[in-house]
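The data block below is entry09.txt; it holds compact mmCIF, C-alpha atoms.
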# COMPACT_ATOMS: atom_id res chain seq x y z
CA MET A 1 0.00 0.00 0.00
CA ALA A 2 1.61 3.17 -1.24
CA LEU A 3 0.24 5.30 1.59
CA ALA A 4 0.85 3.06 4.58
CA PRO A 5 2.54 5.24 7.21
CA ASN A 6 5.61 2.99 7.42
CA SER A 7 6.18 3.31 3.69
CA ILE A 8 6.69 7.05 4.04
CA SER A 9 10.36 7.81 4.62
CA PRO A 10 11.62 10.28 7.25
CA GLU A 11 12.62 12.64 4.42
CA GLU A 12 9.07 12.56 3.10
CA TRP A 13 7.64 13.20 6.54
CA GLY A 14 10.03 16.15 6.69
CA ILE A 15 8.63 17.46 3.41
CA ILE A 16 5.05 17.10 4.65
CA TRP A 17 5.88 18.79 7.92
CA LEU A 18 7.67 21.66 6.12
CA SER A 19 4.68 22.10 3.80
CA LEU A 20 2.27 22.28 6.72
CA LYS A 21 4.55 24.72 8.54
CA VAL A 22 4.92 27.00 5.50
CA SER A 23 1.17 26.91 4.77
CA GLY A 24 0.23 27.44 8.41
CA ALA A 25 2.54 30.42 8.72
CA ALA A 26 1.25 31.82 5.42
CA MET A 27 -2.34 31.46 6.61
CA VAL A 28 -1.69 33.19 9.93
CA ALA A 29 0.30 35.98 8.27
CA THR A 30 -2.30 36.57 5.56
CA LEU A 31 -5.29 36.69 7.90
CA PRO A 32 -4.93 40.21 9.36
CA VAL A 33 -3.97 41.72 5.99
CA GLY A 34 -6.67 39.75 4.21
CA PHE A 35 -9.32 40.71 6.73
CA ALA A 36 -8.40 44.40 6.56
CA LEU A 37 -8.52 44.33 2.75
CA ALA A 38 -11.80 42.41 2.73
CA TRP A 39 -13.31 44.90 5.15
CA ALA A 40 -12.14 47.85 3.04
CA LEU A 41 -13.54 46.27 -0.13
CA ALA A 42 -16.83 45.19 1.47
CA ARG A 43 -17.57 48.30 3.51
CA GLY A 44 -15.26 51.06 2.39
CA ARG A 45 -16.23 53.89 0.09
CA PHE A 46 -13.04 55.50 -1.11
CA PRO A 47 -11.46 56.53 -4.40
CA GLY A 48 -9.27 53.80 -5.85
CA ARG A 49 -11.41 50.97 -4.52
CA VAL A 50 -11.64 49.34 -7.93
CA LEU A 51 -7.88 49.58 -8.33
CA LEU A 52 -7.30 48.04 -4.89
CA ASP A 53 -9.70 45.24 -5.80
CA ALA A 54 -7.72 44.57 -8.98
CA LEU A 55 -4.36 44.68 -7.16
CA VAL A 56 -5.56 42.17 -4.55
CA HIS A 57 -6.63 39.80 -7.32
CA LEU A 58 -3.46 40.23 -9.34
CA PRO A 59 -1.63 37.14 -7.94
CA LEU A 60 -4.60 35.06 -9.09
CA VAL A 61 -4.04 35.87 -12.77
CA LEU A 62 -0.39 36.90 -12.95
CA PRO A 63 2.06 34.17 -14.02
CA PRO A 64 3.38 32.91 -10.65
CA VAL A 65 6.92 33.28 -11.94
CA VAL A 66 6.29 37.01 -12.29
CA THR A 67 4.99 37.22 -8.72
CA GLY A 68 8.11 35.34 -7.57
CA TRP A 69 10.35 37.69 -9.53
CA LEU A 70 8.60 40.73 -8.04
CA LEU A 71 9.11 39.27 -4.57
CA LEU A 72 12.77 38.73 -5.43
CA LEU A 73 13.06 42.38 -6.48
CA SER A 74 11.44 43.64 -3.27
CA PHE A 75 12.83 41.22 -0.71
CA GLY A 76 16.22 40.46 -2.28
CA ALA A 77 19.44 42.01 -0.98
CA GLN A 78 18.88 45.10 -3.15
CA GLY A 79 15.13 45.38 -2.63
CA LEU A 80 13.54 48.00 -0.43
CA ALA A 81 11.78 45.49 1.84
CA GLY A 82 14.87 43.26 1.80
CA ARG A 83 17.16 46.03 3.00
CA TRP A 84 14.63 47.01 5.66
CA LEU A 85 14.46 43.41 6.91
CA ALA A 86 18.26 43.11 6.73
CA ALA A 87 18.56 46.16 8.99
CA MET A 88 16.53 44.22 11.55
CA GLY A 89 18.76 41.18 11.05
CA VAL A 90 16.14 39.16 9.20
CA SER A 91 16.38 37.58 5.79
CA VAL A 92 13.70 35.59 4.05
CA MET A 93 15.91 34.67 1.09
CA PHE A 94 16.27 30.89 0.65
CA ARG A 95 14.52 30.40 3.99
CA TRP A 96 11.24 28.68 4.77
CA THR A 97 9.90 32.10 5.83
CA GLY A 98 10.41 33.24 2.24
CA ALA A 99 8.40 30.26 1.03
CA ALA A 100 5.67 31.26 3.50
CA LEU A 101 5.79 34.82 2.19
CA ALA A 102 5.35 33.64 -1.41
CA ALA A 103 2.50 31.32 -0.38
CA SER A 104 0.93 34.15 1.56
CA VAL A 105 0.87 36.49 -1.44
CA MET A 106 -0.60 33.77 -3.63
CA ALA A 107 -3.25 32.88 -1.02
CA LEU A 108 -4.27 36.47 -0.38
CA PRO A 109 -6.84 36.84 -3.20
CA LEU A 110 -8.70 33.66 -2.23
CA MET A 111 -8.81 34.61 1.42
CA VAL A 112 -9.94 38.16 0.67
CA ARG A 113 -12.70 36.87 -1.59
CA ALA A 114 -14.10 34.49 1.03
CA ILE A 115 -13.97 36.99 3.88
CA ARG A 116 -15.38 39.75 1.72
CA LEU A 117 -18.35 37.60 0.68
CA SER A 118 -19.05 36.70 4.28
CA LEU A 119 -18.89 40.33 5.39
CA GLU A 120 -21.19 41.38 2.57
CA SER A 121 -23.70 38.72 3.60
CA VAL A 122 -24.00 40.14 7.12
CA ASP A 123 -27.34 41.94 7.42
CA ARG A 124 -26.58 45.60 8.11
CA ARG A 125 -30.05 45.97 9.60
CA LEU A 126 -29.00 43.71 12.49
CA GLU A 127 -26.04 46.00 13.10
CA ALA A 128 -28.36 49.01 13.20
CA ALA A 129 -30.63 47.19 15.68
CA ALA A 130 -27.62 46.49 17.89
CA ARG A 131 -26.67 50.19 17.84
CA THR A 132 -30.16 51.17 19.06
CA LEU A 133 -29.79 48.60 21.87
CA GLY A 134 -26.75 50.46 23.17
CA ALA A 135 -23.79 48.87 21.39
CA SER A 136 -20.88 51.00 20.23
CA PRO A 137 -19.59 50.38 16.68
CA LEU A 138 -16.70 48.32 18.06
CA ARG A 139 -19.08 46.24 20.16
CA VAL A 140 -21.36 45.72 17.17
CA PHE A 141 -18.35 44.42 15.27
CA ALA A 142 -17.36 42.02 18.06
CA THR A 143 -20.83 40.72 18.93
CA ILE A 144 -22.74 40.85 15.64
CA THR A 145 -20.59 41.31 12.52
CA LEU A 146 -17.69 39.02 13.39
CA PRO A 147 -19.70 36.06 14.75
CA LEU A 148 -22.02 36.19 11.74
CA ALA A 149 -19.09 36.38 9.32
CA LEU A 150 -17.00 33.81 11.16
CA PRO A 151 -17.77 30.71 9.05
CA GLY A 152 -16.77 32.69 5.96
CA VAL A 153 -13.58 33.88 7.63
CA LEU A 154 -12.72 30.30 8.57
CA ALA A 155 -13.55 29.13 5.05
CA GLY A 156 -11.20 31.82 3.74
CA MET A 157 -8.43 30.63 6.05
CA VAL A 158 -8.87 27.02 4.96
CA LEU A 159 -8.86 28.03 1.30
CA GLY A 160 -5.76 30.13 1.85
CA PHE A 161 -4.10 27.17 3.56
CA ALA A 162 -4.99 24.87 0.67
CA ARG A 163 -3.72 27.37 -1.88
CA SER A 164 -0.47 27.68 0.05
CA LEU A 165 0.03 23.90 0.04
CA GLY A 166 -0.12 23.96 -3.75
CA GLU A 167 2.09 26.98 -4.26
CA PHE A 168 4.91 26.28 -6.74
CA GLY A 169 5.91 28.91 -9.26
CA ALA A 170 6.38 31.96 -7.08
CA THR A 171 8.14 29.91 -4.41
CA ILE A 172 10.70 28.27 -6.68
CA THR A 173 11.44 31.60 -8.35
CA PHE A 174 11.71 33.49 -5.10
CA VAL A 175 13.46 31.12 -2.68
CA SER A 176 14.58 28.25 -4.93
CA ASN A 177 14.18 24.52 -4.23
CA ILE A 178 16.21 23.73 -1.13
CA PRO A 179 15.51 20.40 0.60
CA GLY A 180 14.62 20.88 4.24
CA GLU A 181 14.21 24.64 3.88
CA THR A 182 12.02 25.67 0.95
CA GLN A 183 11.22 22.32 -0.64
CA THR A 184 7.49 21.94 -0.01
CA LEU A 185 5.34 19.14 -1.45
CA PRO A 186 4.96 20.48 -5.01
CA LEU A 187 8.65 21.38 -5.21
CA ALA A 188 9.64 17.96 -3.89
CA ILE A 189 7.40 16.26 -6.45
CA TYR A 190 8.95 18.38 -9.19
CA ALA A 191 12.46 17.50 -7.98
CA ALA A 192 11.63 13.78 -7.79
CA LEU A 193 10.24 13.89 -11.34
CA GLN A 194 13.63 15.08 -12.59
CA VAL A 195 15.33 11.89 -11.39
CA PRO A 196 14.55 8.45 -12.91
CA GLY A 197 13.35 5.75 -10.54
CA GLN A 198 11.60 8.04 -8.05
CA GLU A 199 8.06 7.10 -9.11
CA GLY A 200 7.25 5.76 -5.64
CA ILE A 201 8.06 9.06 -3.98
CA VAL A 202 6.16 11.00 -6.62
CA THR A 203 3.08 8.81 -6.20
CA ARG A 204 3.06 9.03 -2.42
CA LEU A 205 3.61 12.80 -2.29
CA ALA A 206 1.02 13.36 -5.02
CA LEU A 207 -1.57 11.27 -3.18
CA ILE A 208 -0.87 13.18 0.03
CA SER A 209 -1.31 16.46 -1.87
CA VAL A 210 -4.63 15.31 -3.28
CA GLY A 211 -5.82 14.22 0.17
CA LEU A 212 -4.85 17.46 1.90
CA SER A 213 -6.32 19.66 -0.83
CA LEU A 214 -9.54 17.69 -0.93
CA ALA A 215 -9.94 17.86 2.84
CA ALA A 216 -9.38 21.63 2.77
CA LEU A 217 -11.91 22.19 -0.02
CA VAL A 218 -14.53 20.06 1.72
CA ALA A 219 -13.92 21.91 4.98
CA SER A 220 -14.26 25.27 3.27
CA GLU A 221 -17.44 24.22 1.48
CA VAL A 222 -18.99 22.88 4.71
CA LEU A 223 -18.21 26.16 6.48
CA THR A 224 -19.65 28.16 3.61
CA ARG A 225 -22.83 26.06 3.66
CA ARG A 226 -23.20 26.55 7.41
CA MET A 227 -23.17 30.24 6.73
CA GLY A 228 -26.10 29.83 4.38
CA MET A 229 -24.15 31.60 1.68
CA ARG A 230 -25.42 30.90 -1.79
CA ALA A 231 -22.35 32.26 -3.47
CA HIS A 232 -19.37 29.96 -3.72
CA VAL A 233 -16.06 31.44 -2.86
CA LEU A 234 -14.24 29.77 -5.72
CA MET B 1 -43.95 66.96 25.69
CA SER B 2 -42.89 63.35 25.04
CA PHE B 3 -41.77 63.88 21.48
CA GLU B 4 -40.65 67.14 19.91
CA VAL B 5 -39.67 66.51 16.32
CA ASP B 6 -38.91 68.99 13.58
CA VAL B 7 -36.64 67.51 10.94
CA SER B 8 -36.16 67.19 7.23
CA ILE B 9 -33.91 65.23 4.97
CA THR B 10 -33.42 65.04 1.23
CA ARG B 11 -32.85 61.58 -0.18
CA GLY B 12 -32.21 61.63 -3.86
CA ARG B 13 -34.99 63.76 -5.28
CA ARG B 14 -37.36 63.16 -2.38
CA ARG B 15 -37.69 65.47 0.56
CA ILE B 16 -38.97 63.96 3.79
CA ALA B 17 -40.07 66.36 6.47
CA ALA B 18 -41.86 65.91 9.76
CA SER B 19 -42.79 68.43 12.39
CA PHE B 20 -44.90 67.53 15.40
CA GLU B 21 -45.12 67.56 19.16
CA ALA B 22 -46.73 64.73 21.05
CA GLY B 23 -47.75 64.07 24.64
CA PRO B 24 -47.50 60.85 26.63
CA GLY B 25 -49.02 57.57 25.50
CA ILE B 26 -48.98 56.32 21.94
CA THR B 27 -48.54 58.73 19.06
CA ALA B 28 -49.23 57.29 15.65
CA LEU B 29 -47.27 58.37 12.62
CA PHE B 30 -49.81 57.63 9.97
CA GLY B 31 -49.61 57.82 6.20
CA ARG B 32 -49.38 55.93 2.95
CA SER B 33 -46.44 53.68 2.15
CA GLY B 34 -43.42 55.61 0.98
CA ALA B 35 -44.32 58.77 2.88
CA GLY B 36 -41.04 58.51 4.78
CA LYS B 37 -42.43 57.34 8.13
CA THR B 38 -39.61 54.86 8.70
CA SER B 39 -37.06 57.55 7.82
CA VAL B 40 -38.49 59.70 10.60
CA LEU B 41 -38.07 56.84 13.10
CA ASP B 42 -34.51 56.25 11.82
CA MET B 43 -33.72 59.91 12.38
CA ILE B 44 -35.08 59.80 15.93
CA ALA B 45 -33.09 56.61 16.63
CA GLY B 46 -29.95 58.24 15.24
CA LEU B 47 -29.53 55.75 12.41
CA VAL B 48 -30.03 58.47 9.80
CA ARG B 49 -28.82 62.03 10.19
CA PRO B 50 -31.34 64.75 9.33
CA ASP B 51 -30.21 67.64 7.13
CA ARG B 52 -31.64 70.09 9.59
CA GLY B 53 -33.88 70.39 12.62
CA ARG B 54 -34.25 69.29 16.20
CA ILE B 55 -35.36 66.15 18.05
CA ALA B 56 -36.11 65.98 21.76
CA VAL B 57 -37.79 63.24 23.80
CA ASP B 58 -39.08 63.95 27.31
CA GLY B 59 -37.17 67.23 27.25
CA ARG B 60 -33.84 65.55 26.41
CA VAL B 61 -32.33 66.88 23.19
CA LEU B 62 -31.14 64.03 20.96
CA PHE B 63 -30.41 66.10 17.90
CA ASN B 64 -30.11 69.79 17.22
CA ALA B 65 -28.42 70.77 13.99
CA ALA B 66 -28.13 74.43 14.96
CA ALA B 67 -26.47 73.60 18.31
CA GLY B 68 -24.31 70.86 16.85
CA ILE B 69 -25.92 68.16 19.02
CA ASP B 70 -26.13 64.68 17.52
CA LEU B 71 -26.21 61.87 20.07
CA ARG B 72 -24.97 58.50 18.89
CA PRO B 73 -27.68 55.84 18.48
CA GLU B 74 -26.37 53.89 21.48
CA ALA B 75 -26.72 56.97 23.70
CA ARG B 76 -30.29 57.85 22.78
CA GLY B 77 -32.10 55.38 25.03
CA CYS B 78 -34.54 54.40 22.34
CA GLY B 79 -36.16 51.01 22.01
CA TYR B 80 -36.65 50.40 18.32
CA VAL B 81 -39.09 47.63 17.39
CA PHE B 82 -38.76 46.79 13.73
CA GLN B 83 -41.27 45.39 11.30
CA ASP B 84 -38.86 42.52 10.54
CA TYR B 85 -37.98 41.83 14.24
CA ARG B 86 -34.22 41.83 13.57
CA LEU B 87 -33.45 39.24 16.23
CA PHE B 88 -29.82 38.16 16.24
CA PRO B 89 -29.83 34.73 14.56
CA HIS B 90 -26.64 33.49 16.23
CA MET B 91 -27.98 34.00 19.76
CA SER B 92 -30.66 32.28 21.81
CA VAL B 93 -33.84 34.14 22.74
CA GLU B 94 -32.40 34.73 26.20
CA SER B 95 -29.15 36.18 24.81
CA ASN B 96 -31.18 38.39 22.49
CA LEU B 97 -33.21 39.67 25.45
CA ARG B 98 -30.10 40.30 27.52
CA TYR B 99 -28.12 41.92 24.69
CA GLY B 100 -29.03 45.52 25.46
CA TRP B 101 -29.52 44.83 29.17
CA ARG B 102 -25.85 43.86 29.54
CA MET B 103 -24.72 47.18 28.08
CA ALA B 104 -27.19 49.42 29.89
CA ALA B 105 -25.91 51.39 32.87
CA PRO B 106 -27.25 49.79 36.08
CA ASP B 107 -29.41 52.82 36.89
CA ALA B 108 -30.88 52.79 33.37
CA ARG B 109 -32.28 49.29 33.89
CA TRP B 110 -35.77 50.08 35.02
CA ILE B 111 -37.24 46.64 34.39
CA ALA B 112 -35.91 43.23 35.45
CA PHE B 113 -35.30 40.31 33.13
CA GLU B 114 -37.82 38.09 34.98
CA GLN B 115 -40.42 40.85 34.81
CA VAL B 116 -40.10 41.10 31.03
CA VAL B 117 -40.26 37.32 30.60
CA GLU B 118 -43.42 37.22 32.69
CA PHE B 119 -44.97 40.31 31.10
CA LEU B 120 -44.49 39.02 27.54
CA GLY B 121 -44.95 35.32 28.29
CA LEU B 122 -41.51 34.28 27.04
CA ALA B 123 -40.66 31.66 29.69
CA GLY B 124 -40.95 28.70 27.35
CA LEU B 125 -38.89 30.28 24.58
CA LEU B 126 -35.69 31.33 26.32
CA SER B 127 -33.40 28.62 24.99
CA ALA B 128 -34.86 28.65 21.46
CA ARG B 129 -33.10 30.11 18.44
CA PRO B 130 -34.89 33.02 16.74
CA ARG B 131 -35.48 31.13 13.49
CA ARG B 132 -37.67 28.60 15.33
CA LEU B 133 -40.05 31.32 16.51
CA SER B 134 -43.39 32.24 14.97
CA GLY B 135 -43.87 35.86 13.90
CA GLY B 136 -45.82 36.73 17.04
CA GLU B 137 -43.23 35.15 19.31
CA ALA B 138 -40.39 36.86 17.50
CA GLN B 139 -42.09 40.24 17.84
CA ARG B 140 -42.65 39.71 21.57
CA VAL B 141 -38.95 38.88 21.98
CA ALA B 142 -38.02 41.99 20.00
CA ILE B 143 -40.24 44.13 22.24
CA GLY B 144 -38.75 42.51 25.36
CA ARG B 145 -35.25 43.11 24.06
CA ALA B 146 -36.03 46.80 23.53
CA LEU B 147 -37.56 47.18 27.01
CA LEU B 148 -34.58 45.48 28.67
CA SER B 149 -32.07 47.77 26.94
CA GLY B 150 -33.22 50.48 29.32
CA ALA B 151 -35.28 52.25 26.67
CA ARG B 152 -36.90 55.51 27.75
CA PHE B 153 -39.21 55.52 24.75
CA LEU B 154 -40.22 53.10 22.03
CA LEU B 155 -40.22 53.47 18.29
CA MET B 156 -42.43 50.90 16.59
CA ASP B 157 -42.28 50.49 12.84
CA GLU B 158 -45.34 48.61 11.57
CA PRO B 159 -44.90 45.96 14.29
CA LEU B 160 -48.04 44.08 13.19
CA SER B 161 -47.69 44.09 9.44
CA SER B 162 -45.96 40.72 9.05
CA LEU B 163 -48.40 38.93 11.39
CA ASP B 164 -51.68 37.08 10.84
CA ALA B 165 -54.92 38.30 12.45
CA ALA B 166 -54.64 36.26 15.67
CA ARG B 167 -51.03 37.28 16.24
CA ARG B 168 -51.91 40.91 15.52
CA GLU B 169 -54.46 40.87 18.31
CA GLU B 170 -51.90 39.31 20.66
CA ILE B 171 -49.23 41.94 19.96
CA MET B 172 -51.79 44.75 20.00
CA ARG B 173 -52.71 43.74 23.58
CA VAL B 174 -49.04 43.73 24.55
CA ILE B 175 -48.64 47.24 23.17
CA GLU B 176 -51.73 48.43 25.03
CA ARG B 177 -50.30 47.03 28.25
CA ILE B 178 -46.97 48.77 27.65
CA ARG B 179 -48.91 52.00 27.16
CA ASP B 180 -51.08 51.53 30.28
CA GLU B 181 -48.85 49.66 32.74
CA LEU B 182 -45.35 50.82 31.85
CA ALA B 183 -46.32 54.36 30.78
CA LEU B 184 -43.60 54.48 28.13
CA PRO B 185 -43.95 57.06 25.35
CA ILE B 186 -44.38 55.26 22.05
CA LEU B 187 -44.10 56.54 18.51
CA TYR B 188 -46.00 54.11 16.35
CA VAL B 189 -45.75 53.95 12.57
CA SER B 190 -48.59 52.39 10.64
CA HIS B 191 -50.58 52.66 7.44
CA ASP B 192 -53.60 50.90 8.96
CA ARG B 193 -56.30 53.32 10.06
CA ARG B 194 -58.10 50.87 12.41
CA GLU B 195 -54.91 49.88 14.20
CA VAL B 196 -53.99 53.50 14.74
CA GLU B 197 -57.42 54.50 16.01
CA ARG B 198 -57.46 51.68 18.52
CA LEU B 199 -53.97 52.25 19.94
CA ALA B 200 -53.03 55.87 19.57
CA GLY B 201 -54.00 58.86 21.66
CA GLN B 202 -52.66 61.19 19.04
CA ILE B 203 -52.25 60.87 15.29
CA VAL B 204 -49.71 62.65 13.13
CA GLU B 205 -50.47 62.43 9.44
CA MET B 206 -47.64 62.33 6.94
CA ASP B 207 -47.98 62.78 3.23
I need this file expressed as structure tokens, please.
Amino acid sequence: MALAPNSISPEEWGIIWLSLKVSGAAMVATLPVGFALAWALARGRFPGRVLLDALVHLPLVLPPVVTGWLLLLSFGAQGLAGRWLAAMGVSVMFRWTGAALAASVMALPLMVRAIRLSLESVDRRLEAAARTLGASPLRVFATITLPLALPGVLAGMVLGFARSLGEFGATITFVSNIPGETQTLPLAIYAALQVPGQEGIVTRLALISVGLSLAALVASEVLTRRMGMRAHVL
Amino acid sequence: MSFEVDVSITRGRRRIAASFEAGPGITALFGRSGAGKTSVLDMIAGLVRPDRGRIAVDGRVLFNAAAGIDLRPEARGCGYVFQDYRLFPHMSVESNLRYGWRMAAPDARWIAFEQVVEFLGLAGLLSARPRRLSGGEAQRVAIGRALLSGARFLLMDEPLSSLDAARREEIMRVIERIRDELALPILYVSHDRREVERLAGQIVEMD
């Protein structure tokens, strides 16, 4: 049985663990930014909203290699963000944190979409009722808006996580394919495909990818359903 | 005077204006659909800002454009009962009832939770979720929630219009008891002449 736990080598477990770590970090890092952007797009009325919307969605349609190259330009030794991080003694180049950063950028549009939909589906009339009952805007957010939007926020996080697990192009361009550091599942599969006789590894890692992605999509769909949202986030 | 209202607002090409003074008891805001009755309630509740004018309830100024007074909705002490109930779907009936009560200053709580449950006959519903309630039950919970928030006056926006005849009678009795036993000033919006004549001591016509 190709997927029996004892048939998975320690190196492969390492790859799985690294993938989960990178995706988890990407999900956590994307959440505050994604929520703020979703809020601005769902509720904000400001000039440039359409442009912001387009910018957020850019990683969805841009060739991932271009996104990776742009990350390289900004976070590399010569980049503005790179020099700023270097001044603080941090570098994301060729590190798993860089892989998480690339995954985060690629996951952002999906997460923003899901959270935005859930915020838009919150009935503003309930918020007005809460105000008349004595709740400040902040309290309305904490007791009405957020709990009602929560399944959508969770769905967005799960989707972002799933997208991060599959991230390939931007990651390999930005932080290369370094075993134990930046070599996540898709990169490991790609590397194994380059060498003859590695079909077993490829099959096992591919099956694990399918399983993880499927579980994430089902989870996100279940959460979306619970919310009673007609619109699908994908 | 319970209500002193003199406001106007322009929405698109429509101008909505209301000017009236009303004593204690129930004052009906009566007029055809689309006359802007709900907008007047929204302005009194602080959900919509009038272009100009003044609003005072029981001598307390809630809004005065000339003096730059515009109390936030949560500071107005109004109990707004909506046509569509607007119960919070993610909370039990009890949590809905206690929502405003929790935030009210202790000295603003003039009625106890148990009193409201008894008064409105909600004892059997407390653990239910709002979506399991009938229209009449939901409206009683909404009224209880408004009373418990420490409301000093009630705004009722067509509270009977989504109910069948039997439930209308039930809620109408509740409103009469609020008027007679709790002596709370009520501004009552309706387009039904019979309803208004039965409940209201004073009628303000809007066109």
Give me the residues within 8 Å of segment 163-172 of chain B as an NGL selection string, counting all atoms listed in the file and dropping any in the same chain fewer than 6 places off. :B and (135-136 or 139-140 or 199)
Selection near Gly201 of chain B, 9 Å with only C-alpha atoms, sequence-local residues under 2 positions removed, as a list in words: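 The filter keeps Gly23, Pro24, Gly25, Ile26, Thr27, Ala28, Val196, Glu197, Arg198, Leu199 and Ile203 of chain B.
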Residue nearest Asn96 of chain B among A:Thr143, A:Gln78, A:Ser19, A:Ser176 (counting only C-alpha atoms): A:Thr143
Could you check how far atom CA of Ser92 of chain B sits from atom CA of Gly77 of chain B, in Å to one decimal?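 That distance, rounded to one decimal, is 23.4 Å.
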Identify all chain A residues at most 10 Å from chain B by counting all atoms listed in the file; ligands do not count. Present them as an MDAnalysis selection string. chainID A and resid 123 125:137 139 143:144 147:148
Using only C-alpha atoms, find all polymer residues with an atom at most 8 Å away from the point (-32.1, 33.8, 23.7); report them as number ranges by chain. B: 91-98, 125-130
Gap from atom CA of Pro159 of chain B to atom CA of Tyr188 of chain B - Å, one decimal: 8.5 Å
So what do you get for atom CA of Ile15 of chain A versus atom CA of Arg163 of chain A, distance-wise?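 If I compute the distance from atom CA of Ile15 of chain A to atom CA of Arg163 of chain A, I get 16.7 Å.
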Sorted by chain and rising residue number, list the residues of segment 118-150 of chain A at most 9 Å from segment 206-228 of chain A (counting all atoms listed in the file), each with its closest atom pair and distance in Å to one decimal, as a tab-separated table.
residue	atom	partner	partner_atom	distance
A:Ser118	CA	A:Met227	CA	8.0
A:Leu148	CA	A:Met227	CA	7.9
A:Ala149	CA	A:Met227	CA	7.8
A:Leu150	CA	A:Met227	CA	8.4
Identify, on the basis of only C-alpha atoms, every residue whose closest approach to Leu165 of chain A does not exceed 8 Å; exclude the query and any residue fewer than 4 positions from it along the same chain; express the result as number ranges by chain. A: 19-20, 22-23, 103, 161, 184-186, 209, 213
To box segment 83-98 of chain B, take all atoms listed in the file, fit an axis-aligned box, add 5 Å on each side, and give centre and edge lengths in Å to one decimal, as JSON.
{"center_x": -34.0, "center_y": 38.8, "center_z": 19.0, "size_x": 24.6, "size_y": 23.1, "size_z": 27.0}
Counting all atoms listed in the file, what is within 8 Å of segment 40-44 of chain A, bar same-chain residues fewer than 2 positions away, as a ChimeraX atom specification? /A:36-38,46,49,53,116-117,119-120
Using all atoms listed in the file, which of the listed residues (A:Ala29, A:Val158, A:Val61, A:Ile178) sits closest to Ala114 of chain A? A:Val158
Of B:Glu158, B:Arg193, B:Asp207, B:Arg11, the one nearest to Thr38 of chain B when counting only C-alpha atoms is B:Glu158
Within 7 Å of Met106 of chain A using all atoms listed in the file, minus same-chain residues under 3 positions, as an mmCIF file with C-alpha atoms, in the frame of the given file:
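In the end it all went to around_11.cif:
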data_model
loop_
_atom_site.group_PDB
_atom_site.id
_atom_site.type_symbol
_atom_site.label_atom_id
_atom_site.label_comp_id
_atom_site.auth_asym_id
_atom_site.auth_seq_id
_atom_site.Cartn_x
_atom_site.Cartn_y
_atom_site.Cartn_z
ATOM 1 C CA PRO A 59 -1.630 37.140 -7.940
ATOM 2 C CA LEU A 60 -4.600 35.060 -9.090
ATOM 3 C CA ALA A 102 5.350 33.640 -1.410
ATOM 4 C CA ALA A 103 2.500 31.320 -0.380
ATOM 5 C CA PRO A 109 -6.840 36.840 -3.200
#
Ref. answer, residues at most 8 Å from (-43.2, 60.1, 24.3) with all atoms listed in the file, as an MDAnalysis selection string: chainID B and resid 1:3 22:27 57:58 153:154 184:187
Could N, CA and C atoms be built for segment 104-115 of chain B and written out as an mmCIF file, in the frame of the given file?
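Listing of rebuild-v6.cif after writing:
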data_model
loop_
_atom_site.group_PDB
_atom_site.id
_atom_site.type_symbol
_atom_site.label_atom_id
_atom_site.label_comp_id
_atom_site.auth_asym_id
_atom_site.auth_seq_id
_atom_site.Cartn_x
_atom_site.Cartn_y
_atom_site.Cartn_z
ATOM 1 N N ALA B 104 -26.541 48.266 29.269
ATOM 2 C CA ALA B 104 -27.190 49.420 29.890
ATOM 3 C C ALA B 104 -26.531 49.725 31.236
ATOM 4 N N ALA B 105 -26.421 51.012 31.548
ATOM 5 C CA ALA B 105 -25.910 51.390 32.870
ATOM 6 C C ALA B 105 -26.880 50.862 33.915
ATOM 7 N N PRO B 106 -26.361 50.393 35.077
ATOM 8 C CA PRO B 106 -27.250 49.790 36.080
ATOM 9 C C PRO B 106 -28.455 50.666 36.433
ATOM 10 N N ASP B 107 -28.271 51.983 36.510
ATOM 11 C CA ASP B 107 -29.410 52.820 36.890
ATOM 12 C C ASP B 107 -30.356 53.083 35.729
ATOM 13 N N ALA B 108 -29.968 52.652 34.520
ATOM 14 C CA ALA B 108 -30.880 52.790 33.370
ATOM 15 C C ALA B 108 -31.789 51.576 33.231
ATOM 16 N N ARG B 109 -31.475 50.517 33.964
ATOM 17 C CA ARG B 109 -32.280 49.290 33.890
ATOM 18 C C ARG B 109 -33.500 49.434 34.792
ATOM 19 N N TRP B 110 -34.596 49.830 34.199
ATOM 20 C CA TRP B 110 -35.770 50.080 35.020
ATOM 21 C C TRP B 110 -36.706 48.882 35.086
ATOM 22 N N ILE B 111 -36.391 47.830 34.352
ATOM 23 C CA ILE B 111 -37.240 46.640 34.390
ATOM 24 C C ILE B 111 -36.340 45.409 34.469
ATOM 25 N N ALA B 112 -36.748 44.421 35.252
ATOM 26 C CA ALA B 112 -35.910 43.230 35.450
ATOM 27 C C ALA B 112 -36.202 42.193 34.369
ATOM 28 N N PHE B 113 -35.199 41.361 34.133
ATOM 29 C CA PHE B 113 -35.300 40.310 33.130
ATOM 30 C C PHE B 113 -36.539 39.430 33.384
ATOM 31 N N GLU B 114 -36.712 38.988 34.637
ATOM 32 C CA GLU B 114 -37.820 38.090 34.980
ATOM 33 C C GLU B 114 -39.166 38.770 34.729
ATOM 34 N N GLN B 115 -39.195 40.070 35.015
ATOM 35 C CA GLN B 115 -40.420 40.850 34.810
ATOM 36 C C GLN B 115 -40.822 40.852 33.333
#
